[in-house]
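Okay, coords11.pdb now, which holds PDB, C-alpha atoms and all ligand atoms:
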ATOM      1  CA  VAL A   1      38.631  18.500   4.823  1.00  0.00           C
ATOM      2  CA  LEU A   2      40.030  17.740   8.258  1.00  0.00           C
ATOM      3  CA  PRO A   3      43.409  16.066   8.763  1.00  0.00           C
ATOM      4  CA  SER A   4      43.099  12.361   9.605  1.00  0.00           C
ATOM      5  CA  GLY A   5      42.336  11.619  13.236  1.00  0.00           C
ATOM      6  CA  VAL A   6      40.850  15.063  13.831  1.00  0.00           C
ATOM      7  CA  LYS A   7      37.249  14.919  14.978  1.00  0.00           C
ATOM      8  CA  LYS A   8      34.715  17.712  15.116  1.00  0.00           C
ATOM      9  CA  MET A   9      31.649  17.815  17.305  1.00  0.00           C
ATOM     10  CA  ILE A  10      28.934  18.951  14.944  1.00  0.00           C
ATOM     11  CA  ILE A  11      25.413  17.836  15.777  1.00  0.00           C
ATOM     12  CA  ASN A  12      22.780  17.369  13.119  1.00  0.00           C
ATOM     13  CA  ILE A  13      19.528  18.647  14.553  1.00  0.00           C
ATOM     14  CA  GLN A  14      17.164  17.515  11.804  1.00  0.00           C
ATOM     15  CA  ALA A  15      15.787  14.809  14.117  1.00  0.00           C
ATOM     16  CA  LEU A  16      14.672  17.568  16.452  1.00  0.00           C
ATOM     17  CA  THR A  17      11.934  18.689  14.077  1.00  0.00           C
ATOM     18  CA  LYS A  18       9.900  15.787  15.417  1.00  0.00           C
ATOM     19  CA  SER A  19      10.999  15.607  19.054  1.00  0.00           C
ATOM     20  CA  GLU A  20      12.144  18.146  21.582  1.00  0.00           C
ATOM     21  CA  GLN A  21      15.259  16.550  22.938  1.00  0.00           C
ATOM     22  CA  LEU A  22      18.343  14.884  21.482  1.00  0.00           C
ATOM     23  CA  ASN A  23      21.162  13.193  23.367  1.00  0.00           C
ATOM     24  CA  PHE A  24      24.625  13.194  21.846  1.00  0.00           C
ATOM     25  CA  GLU A  25      27.982  11.717  22.641  1.00  0.00           C
ATOM     26  CA  GLY A  26      31.269  11.888  20.755  1.00  0.00           C
ATOM     27  CA  GLU A  27      34.804  13.124  20.527  1.00  0.00           C
ATOM     28  CA  HIS A  28      36.281  16.428  19.502  1.00  0.00           C
ATOM     29  CA  THR A  29      39.920  17.188  18.741  1.00  0.00           C
ATOM     30  CA  LEU A  30      41.460  20.397  20.030  1.00  0.00           C
ATOM     31  CA  LEU A  31      44.510  21.385  18.011  1.00  0.00           C
ATOM     32  CA  LEU A  32      47.425  23.287  19.491  1.00  0.00           C
ATOM     33  CA  ASP A  33      46.765  26.454  17.484  1.00  0.00           C
ATOM     34  CA  GLU A  34      43.325  26.716  19.099  1.00  0.00           C
ATOM     35  CA  PHE A  35      44.953  27.699  22.370  1.00  0.00           C
ATOM     36  CA  SER A  36      46.533  31.026  23.242  1.00  0.00           C
ATOM     37  CA  GLU A  37      49.709  31.531  25.303  1.00  0.00           C
ATOM     38  CA  GLN A  38      48.571  28.962  27.847  1.00  0.00           C
ATOM     39  CA  ALA A  39      48.532  25.692  25.901  1.00  0.00           C
ATOM     40  CA  PRO A  40      49.058  21.962  26.253  1.00  0.00           C
ATOM     41  CA  ILE A  41      52.073  20.430  24.493  1.00  0.00           C
ATOM     42  CA  SER A  42      50.052  18.105  22.277  1.00  0.00           C
ATOM     43  CA  GLU A  43      46.606  18.155  20.700  1.00  0.00           C
ATOM     44  CA  CYS A  44      43.906  16.514  22.776  1.00  0.00           C
ATOM     45  CA  ASN A  45      40.808  14.457  22.189  1.00  0.00           C
ATOM     46  CA  VAL A  46      37.893  15.687  24.240  1.00  0.00           C
ATOM     47  CA  LYS A  47      35.020  13.381  25.135  1.00  0.00           C
ATOM     48  CA  VAL A  48      31.737  15.251  24.883  1.00  0.00           C
ATOM     49  CA  LYS A  49      28.329  14.156  26.127  1.00  0.00           C
ATOM     50  CA  GLY A  50      25.152  16.157  26.397  1.00  0.00           C
ATOM     51  CA  THR A  51      21.628  17.053  25.377  1.00  0.00           C
ATOM     52  CA  VAL A  52      20.118  19.474  22.886  1.00  0.00           C
ATOM     53  CA  THR A  53      16.698  20.786  23.854  1.00  0.00           C
ATOM     54  CA  ARG A  54      14.554  22.581  21.284  1.00  0.00           C
ATOM     55  CA  ASP A  55      12.120  25.359  22.074  1.00  0.00           C
ATOM     56  CA  GLY A  56      10.804  26.750  18.793  1.00  0.00           C
ATOM     57  CA  ASP A  57      13.829  28.022  16.880  1.00  0.00           C
ATOM     58  CA  VAL A  58      16.037  27.991  19.952  1.00  0.00           C
ATOM     59  CA  TYR A  59      18.328  25.063  20.716  1.00  0.00           C
ATOM     60  CA  THR A  60      19.920  24.852  24.150  1.00  0.00           C
ATOM     61  CA  VAL A  61      22.919  22.591  24.631  1.00  0.00           C
ATOM     62  CA  THR A  62      23.972  21.317  28.039  1.00  0.00           C
ATOM     63  CA  GLY A  63      26.654  18.749  28.595  1.00  0.00           C
ATOM     64  CA  ASN A  64      29.996  17.710  29.953  1.00  0.00           C
ATOM     65  CA  VAL A  65      33.463  17.532  28.487  1.00  0.00           C
ATOM     66  CA  TYR A  66      36.354  15.394  29.644  1.00  0.00           C
ATOM     67  CA  THR A  67      39.930  15.160  28.466  1.00  0.00           C
ATOM     68  CA  VAL A  68      43.455  14.490  29.660  1.00  0.00           C
ATOM     69  CA  LEU A  69      45.699  17.376  28.709  1.00  0.00           C
ATOM     70  CA  THR A  70      49.420  16.890  28.234  1.00  0.00           C
ATOM     71  CA  LEU A  71      50.954  19.811  30.071  1.00  0.00           C
ATOM     72  CA  GLN A  72      54.469  20.616  31.190  1.00  0.00           C
ATOM     73  CA  CYS A  73      55.598  20.866  34.802  1.00  0.00           C
ATOM     74  CA  ASP A  74      56.374  24.540  35.493  1.00  0.00           C
ATOM     75  CA  ARG A  75      59.481  23.594  37.440  1.00  0.00           C
ATOM     76  CA  CYS A  76      61.132  20.593  35.760  1.00  0.00           C
ATOM     77  CA  MET A  77      59.439  20.676  32.298  1.00  0.00           C
ATOM     78  CA  LYS A  78      58.431  17.021  32.540  1.00  0.00           C
ATOM     79  CA  GLU A  79      55.195  15.968  30.782  1.00  0.00           C
ATOM     80  CA  VAL A  80      52.209  15.814  33.082  1.00  0.00           C
ATOM     81  CA  GLY A  81      48.884  14.144  32.236  1.00  0.00           C
ATOM     82  CA  TYR A  82      46.218  16.488  33.587  1.00  0.00           C
ATOM     83  CA  PRO A  83      42.627  15.125  33.727  1.00  0.00           C
ATOM     84  CA  LEU A  84      40.149  17.908  33.058  1.00  0.00           C
ATOM     85  CA  HIS A  85      36.370  18.033  33.473  1.00  0.00           C
ATOM     86  CA  SER A  86      34.236  20.948  32.384  1.00  0.00           C
ATOM     87  CA  SER A  87      30.646  21.697  31.501  1.00  0.00           C
ATOM     88  CA  LEU A  88      28.985  22.927  28.318  1.00  0.00           C
ATOM     89  CA  GLN A  89      26.150  25.387  28.239  1.00  0.00           C
ATOM     90  CA  CYS A  90      25.313  27.200  25.014  1.00  0.00           C
ATOM     91  CA  VAL A  91      22.426  28.407  22.908  1.00  0.00           C
ATOM     92  CA  PHE A  92      21.847  28.318  19.150  1.00  0.00           C
ATOM     93  CA  THR A  93      19.013  29.699  17.061  1.00  0.00           C
ATOM     94  CA  ALA A  94      17.625  28.781  13.664  1.00  0.00           C
ATOM     95  CA  ASP A  95      16.070  32.234  13.389  1.00  0.00           C
ATOM     96  CA  VAL A  96      19.010  34.407  12.393  1.00  0.00           C
ATOM     97  CA  THR A  97      16.895  37.558  12.646  1.00  0.00           C
ATOM     98  CA  ALA A  98      16.586  36.893  16.386  1.00  0.00           C
ATOM     99  CA  MET A  99      20.322  36.723  17.025  1.00  0.00           C
ATOM    100  CA  GLU A 100      21.486  37.906  20.409  1.00  0.00           C
ATOM    101  CA  GLU A 101      24.797  38.045  22.136  1.00  0.00           C
ATOM    102  CA  ASP A 102      26.037  34.583  23.118  1.00  0.00           C
ATOM    103  CA  VAL A 103      23.536  32.961  20.759  1.00  0.00           C
ATOM    104  CA  LYS A 104      25.067  31.267  17.733  1.00  0.00           C
ATOM    105  CA  PRO A 105      23.338  30.462  14.456  1.00  0.00           C
ATOM    106  CA  VAL A 106      22.221  27.000  13.385  1.00  0.00           C
ATOM    107  CA  LEU A 107      23.843  26.450   9.997  1.00  0.00           C
ATOM    108  CA  GLN A 108      22.668  23.774   7.560  1.00  0.00           C
ATOM    109  CA  PHE A 109      20.647  22.024  10.284  1.00  0.00           C
ATOM    110  CA  SER A 110      23.833  21.685  12.312  1.00  0.00           C
ATOM    111  CA  ILE A 111      25.130  22.888  15.632  1.00  0.00           C
ATOM    112  CA  ASP A 112      28.898  23.352  15.684  1.00  0.00           C
ATOM    113  CA  LEU A 113      30.201  22.968  19.242  1.00  0.00           C
ATOM    114  CA  SER A 114      33.878  23.631  18.389  1.00  0.00           C
ATOM    115  CA  ASP A 115      34.115  27.077  20.016  1.00  0.00           C
ATOM    116  CA  ASP A 116      32.135  26.078  23.079  1.00  0.00           C
ATOM    117  CA  ILE A 117      34.231  22.954  23.689  1.00  0.00           C
ATOM    118  CA  ARG A 118      37.448  24.935  23.399  1.00  0.00           C
ATOM    119  CA  GLU A 119      36.141  27.588  25.804  1.00  0.00           C
ATOM    120  CA  ALA A 120      35.003  24.934  28.293  1.00  0.00           C
ATOM    121  CA  VAL A 121      38.468  23.363  28.321  1.00  0.00           C
ATOM    122  CA  VAL A 122      40.394  26.656  28.447  1.00  0.00           C
ATOM    123  CA  MET A 123      38.236  27.816  31.369  1.00  0.00           C
ATOM    124  CA  GLU A 124      39.359  24.882  33.493  1.00  0.00           C
ATOM    125  CA  MET A 125      43.026  24.904  32.584  1.00  0.00           C
ATOM    126  CA  PRO A 126      45.261  25.214  35.635  1.00  0.00           C
ATOM    127  CA  MET A 127      47.291  28.380  36.256  1.00  0.00           C
ATOM    128  CA  LYS A 128      50.155  26.348  37.632  1.00  0.00           C
ATOM    129  CA  VAL A 129      51.201  22.808  36.738  1.00  0.00           C
ATOM    130  CA  LEU A 130      53.458  20.660  38.881  1.00  0.00           C
ATOM    131  CA  CYS A 131      54.377  17.010  38.297  1.00  0.00           C
ATOM    132  CA  LYS A 132      54.245  16.646  42.071  1.00  0.00           C
ATOM    133  CA  GLU A 133      53.684  19.036  44.986  1.00  0.00           C
ATOM    134  CA  ASP A 134      57.347  19.069  45.998  1.00  0.00           C
ATOM    135  CA  CYS A 135      58.931  19.046  42.547  1.00  0.00           C
ATOM    136  CA  LEU A 136      62.486  20.333  42.968  1.00  0.00           C
ATOM    137  CA  GLY A 137      62.723  21.662  39.426  1.00  0.00           C
ATOM    138  CA  LEU A 138      65.852  22.084  37.354  1.00  0.00           C
ATOM    139  CA  CYS A 139      69.197  23.376  38.534  1.00  0.00           C
ATOM    140  CA  THR A 140      69.481  26.976  37.339  1.00  0.00           C
ATOM    141  CA  LYS A 141      73.178  26.448  36.709  1.00  0.00           C
ATOM    142  CA  CYS A 142      73.602  23.079  35.030  1.00  0.00           C
ATOM    143  CA  GLY A 143      69.991  22.298  34.077  1.00  0.00           C
ATOM    144  CA  SER A 144      69.908  18.850  35.649  1.00  0.00           C
ATOM    145  CA  ASP A 145      66.600  17.580  37.046  1.00  0.00           C
ATOM    146  CA  LEU A 146      67.003  17.961  40.776  1.00  0.00           C
ATOM    147  CA  ASN A 147      64.331  15.294  41.383  1.00  0.00           C
ATOM    148  CA  SER A 148      66.552  12.560  40.026  1.00  0.00           C
ATOM    149  CA  ASP A 149      70.092  13.822  39.395  1.00  0.00           C
ATOM    150  CA  ALA A 150      72.682  14.618  41.981  1.00  0.00           C
ATOM    151  CA  CYS A 151      73.925  18.139  41.316  1.00  0.00           C
ATOM    152  CA  MET A 152      76.766  19.788  43.159  1.00  0.00           C
ATOM    153  CA  CYS A 153      76.240  23.371  41.969  1.00  0.00           C
ATOM    154  CA  HIS A 154      74.606  24.689  45.113  1.00  0.00           C
ATOM    155  CA  GLN A 155      76.840  22.809  47.474  1.00  0.00           C
ATOM    156  CA  GLY A 156      79.714  24.532  45.709  1.00  0.00           C
ATOM    157  CA  GLU A 157      78.106  27.882  46.492  1.00  0.00           C
ATOM    158  CA  ILE A 158      77.836  27.105  50.155  1.00  0.00           C
ATOM    159  CA  ASP A 159      81.430  26.044  50.544  1.00  0.00           C
ATOM    160  CA  PRO A 160      83.877  27.805  48.228  1.00  0.00           C
ATOM    161  CA  ARG A 161      86.476  25.161  49.048  1.00  0.00           C
ATOM    162  CA  LEU A 162      84.445  22.702  46.968  1.00  0.00           C
ATOM    163  CA  GLU A 163      84.446  25.018  43.980  1.00  0.00           C
ATOM    164  CA  GLY A 164      86.919  22.795  42.151  1.00  0.00           C
ATOM    165  CA  LEU A 165      84.705  19.729  42.571  1.00  0.00           C
ATOM    166  CA  LYS A 166      81.841  21.416  40.804  1.00  0.00           C
ATOM    167  CA  ASP A 167      83.389  20.828  37.417  1.00  0.00           C
ATOM    168  CA  ILE A 168      83.915  17.168  38.177  1.00  0.00           C
ATOM    169  CA  PHE A 169      80.401  16.427  39.434  1.00  0.00           C
ATOM    170  CA  CYS A 170      78.299  18.784  37.464  1.00  0.00           C
ATOM    171  CA  GLN A 171      78.786  18.723  33.732  1.00  0.00           C
TER
HETATM  172 ZN    ZN B 201      58.271  18.734  37.980  1.00  0.00          ZN
HETATM  173 ZN    ZN B 202      73.634  21.912  38.851  1.00  0.00          ZN
END
Please express what this file holds, its structure, as structure tokens.
Amino acid sequence: VLPSGVKKMIINIQALTKSEQLNFEGEHTLLLDEFSEQAPISECNVKVKGTVTRDGDVYTVTGNVYTVLTLQCDRCMKEVGYPLHSSLQCVFTADVTAMEEDVKPVLQFSIDLSDDIREAVVMEMPMKVLCKEDCLGLCTKCGSDLNSDACMCHQGEIDPRLEGLKDIFCQ
């Protein structure tokens, strides 16, 4: 049983016994523990849209995923909404004796896209996240956000005569 609000993208392929193609559209929830060291700061709902094409026992899925990840600015730690697009391309088979690498089994007439959606999102995650190109980050001394707060720490470094003011301005 999934926690409330958590959606899984599992496609029932029973309708494909009669036709050769099935369009699908839905949402899938990626939880925080599905990511490794590089992770968003909250779970995300991924919009998924695509097509399953059947060829005998083989089901090929192609589609697109879209989400807005909540990431953290590498410099100032502020939350950043990061729109992410990626594509899905995966293969399933109903004939488990014909399993190959990168081909997943069809279980109970269902295709579970969980792993593929996670991989599609992780693949497009940015190496570096900034809230804006010229984010000034946090002061290494007092921790204030240099984008919005006046901080006297570095001015104090430049002119030792202002050293005494540092404690007044920067607490
Ligand atoms: Zn920032
Ligand atoms: Zn400071």
For the structure shown, which residues end up in the PyMOL selection byres (((not hetatm)) within 12 of (chain B and resi 201))? Put them as number ranges by chain, please? A: 71-81, 128-139, 144-148
I'd like the residues picked by the PyMOL selection byres (((not hetatm)) within 7 of (chain B and resi 202)) written out as a PyMOL selection string, using the chain letters and numbers from the file. chain A and resi 139-144+151-154+170
For C-alpha atoms, I'd like the residues from the last selection saved as a PDB file, keeping the file's coordinate frame.
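To be explicit, this is the file written out as out35.pdb:
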ATOM      1  CA  CYS A 139      69.197  23.376  38.534  1.00  0.00           C
ATOM      2  CA  THR A 140      69.481  26.976  37.339  1.00  0.00           C
ATOM      3  CA  LYS A 141      73.178  26.448  36.709  1.00  0.00           C
ATOM      4  CA  CYS A 142      73.602  23.079  35.030  1.00  0.00           C
ATOM      5  CA  GLY A 143      69.991  22.298  34.077  1.00  0.00           C
ATOM      6  CA  SER A 144      69.908  18.850  35.649  1.00  0.00           C
ATOM      7  CA  CYS A 151      73.925  18.139  41.316  1.00  0.00           C
ATOM      8  CA  MET A 152      76.766  19.788  43.159  1.00  0.00           C
ATOM      9  CA  CYS A 153      76.240  23.371  41.969  1.00  0.00           C
ATOM     10  CA  HIS A 154      74.606  24.689  45.113  1.00  0.00           C
ATOM     11  CA  CYS A 170      78.299  18.784  37.464  1.00  0.00           C
TER      12      CYS A 170
END
Which of these, A:Val103, A:Met9, A:Cys44, A:Leu22, has the shortest distance to A:Val68 once you count only C-alpha atoms?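 Between A:Val103, A:Met9, A:Cys44, A:Leu22, the residue approaching A:Val68 most closely is A:Cys44.
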What would the selection look like, as JSON, numbers by chain, if the PyMOL selection byres (((chain A and resi 105) around 12) and not hetatm) were run on the coordinates I just shared? {"A": [57, 58, 59, 60, 90, 91, 92, 93, 94, 95, 96, 97, 98, 99, 100, 101, 102, 103, 104, 106, 107, 108, 109, 110, 111, 112, 113]}
Counting only C-alpha atoms, figure out which residue out of A:Asp55, A:Thr29, A:Ser36, A:Ser42 gets nearest to A:Ser114.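 The closest residue to A:Ser114 is A:Thr29.
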